[in-house]
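Student: Take a look at this one; I'll ask things after.
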Amino acid sequence: HALFSQWGLLFENYLKIKANQQLAVRFWGQNNDRQIPATLTTSRSQATQEDRFIRTLLTWSGYKNDYDWKVQSGFSKETLFFKDDAVNLESLSKSSTLMQEAELNWRPLTNFSFQAGVQYQYISGETENYEEEQHNQQRLSLLGSVKYQDTAGKLESRLSIRQEFTEYGTAPIVPT
């Protein structure tokens, strides 16, 4: 009891808006059907699992002089259905994520570059296994970094910082 089948579709299309700007559209959809094998403590399994997802991403990127940028908007939707007739169990979980992201890079000097970005996510999860069937979360992240690279290309050093905010509070600042 360990068969599986899967199929998917991946689509990417790029459009050059101007000599220095590009628009990209990406889509990925996939279906997975699996039989879940028995565990070490069971001799037989009837469990199955179906996974389905779609993911889309729209990206605008470009450059001018010492700057380059990328702005992205994405959406994903996933479902997972687990079923085990041996124990009369069915469980359906769903999630959706909306993502917005912007990034700016600046290279004022040959050896130095600076990066700044902002990311926003809205995540929604739904399952019958909790009292409140649907849970939502929002995240906002701010990030920045400075990078040094020697002209020989043998040494690269980066200092980064990230701050994340949610409706549950502010996460500690993360330096790297």
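Residues are named by chain letter and number: chains run A, B, ... in the order of the structure tokens, numbers start at 1 in each chain, and ligands are numbered from 1 in the order shown.
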Residues within 8 Å of range 42-52 of chain A, please, as a ChimeraX atom specification. Count only C-alpha atoms; anything in the same chain fewer than 2 positions from it doesn't count.

Tutor: /A:1,29-40,54,78-86

Student: If you count only C-alpha atoms, which residues fall within 10 Å of Asn20 in chain A, apart from same-chain ones fewer than 2 positions away, as a compact mmCIF listing (two decimals) with all heavy atoms, in the first residue's frame?

Tutor:
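Result written to part.txt:
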# COMPACT_ATOMS: atom_id res chain seq x y z
N LYS A 16 9.42 41.48 -22.14
CA LYS A 16 10.33 42.60 -21.99
C LYS A 16 9.54 43.88 -22.25
O LYS A 16 9.11 44.13 -23.39
CB LYS A 16 11.49 42.45 -22.98
CG LYS A 16 12.65 43.31 -22.65
CD LYS A 16 13.83 42.92 -23.54
CE LYS A 16 15.08 43.24 -22.79
NZ LYS A 16 16.28 42.82 -23.49
N ILE A 17 9.32 44.67 -21.20
CA ILE A 17 8.53 45.90 -21.32
C ILE A 17 9.34 46.99 -21.99
O ILE A 17 8.88 47.66 -22.91
CB ILE A 17 8.07 46.38 -19.92
CG1 ILE A 17 7.24 45.29 -19.24
CG2 ILE A 17 7.29 47.67 -20.02
CD1 ILE A 17 6.95 45.58 -17.80
N LYS A 18 10.55 47.18 -21.50
CA LYS A 18 11.52 48.11 -22.09
C LYS A 18 12.86 47.40 -22.10
O LYS A 18 12.97 46.28 -21.62
CB LYS A 18 11.63 49.38 -21.23
CG LYS A 18 10.38 50.23 -21.19
CD LYS A 18 10.60 51.46 -20.35
CE LYS A 18 9.36 52.34 -20.34
NZ LYS A 18 9.54 53.52 -19.50
N GLN A 22 11.37 44.01 -17.17
CA GLN A 22 10.79 42.73 -17.56
C GLN A 22 9.60 42.40 -16.66
O GLN A 22 9.62 42.69 -15.47
CB GLN A 22 11.85 41.64 -17.45
CG GLN A 22 11.34 40.25 -17.73
CD GLN A 22 12.45 39.25 -17.69
OE1 GLN A 22 13.17 39.09 -18.66
NE2 GLN A 22 12.60 38.56 -16.57
N SER A 61 10.56 43.48 -12.79
CA SER A 61 11.94 43.76 -12.40
C SER A 61 12.58 44.68 -13.43
O SER A 61 12.15 44.75 -14.59
CB SER A 61 12.74 42.46 -12.28
OG SER A 61 12.73 41.76 -13.51
N GLY A 62 13.60 45.38 -12.97
CA GLY A 62 14.29 46.29 -13.88
C GLY A 62 15.54 46.86 -13.26
O GLY A 62 15.89 46.57 -12.11
N TYR A 63 16.20 47.71 -14.02
CA TYR A 63 17.41 48.36 -13.55
C TYR A 63 17.55 49.71 -14.24
O TYR A 63 17.01 49.94 -15.33
CB TYR A 63 18.65 47.50 -13.83
CG TYR A 63 18.90 47.27 -15.30
CD1 TYR A 63 19.69 48.14 -16.04
CD2 TYR A 63 18.32 46.18 -15.96
CE1 TYR A 63 19.89 47.94 -17.40
CE2 TYR A 63 18.54 45.96 -17.30
CZ TYR A 63 19.32 46.85 -18.01
OH TYR A 63 19.53 46.65 -19.35
N LYS A 64 18.26 50.61 -13.58
CA LYS A 64 18.58 51.91 -14.16
C LYS A 64 19.79 52.45 -13.40
O LYS A 64 19.76 52.51 -12.16
CB LYS A 64 17.42 52.88 -14.05
CG LYS A 64 17.65 54.18 -14.78
CD LYS A 64 16.42 55.03 -14.86
CE LYS A 64 16.73 56.25 -15.69
NZ LYS A 64 15.55 57.05 -15.94
N ASP A 68 18.71 48.50 -9.17
CA ASP A 68 17.84 47.49 -9.76
C ASP A 68 16.75 47.17 -8.74
O ASP A 68 16.92 47.36 -7.54
CB ASP A 68 18.62 46.24 -10.20
CG ASP A 68 19.24 45.47 -9.08
OD1 ASP A 68 18.52 44.72 -8.40
OD2 ASP A 68 20.47 45.62 -8.86

Student: Report the distance between CA of Val146 in chain A and CA of Phe114 in chain A in Å, rounded to one decimal place.

Tutor: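 So the answer is 4.5 Å.
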
Student: Point out the residue among A:Tyr14, A:Trp60, A:Phe165, A:Phe53 with the least atom-to-atom distance to Glu103 in chain A, counting only C-alpha atoms.

Tutor: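 Checking each of A:Tyr14, A:Trp60, A:Phe165, A:Phe53 against Glu103 in chain A, counting only C-alpha atoms, the winner is A:Trp60.
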
Student: Taking the DSSP secondary structure from the backbone, can you list the residues of chain A that are strand (DSSP E or B), as a PyMOL selection string?

Tutor: chain A and resi 4-18+21-35+48-64+67-84+89-106+112-127+134-149+156-166+169-170+174-175
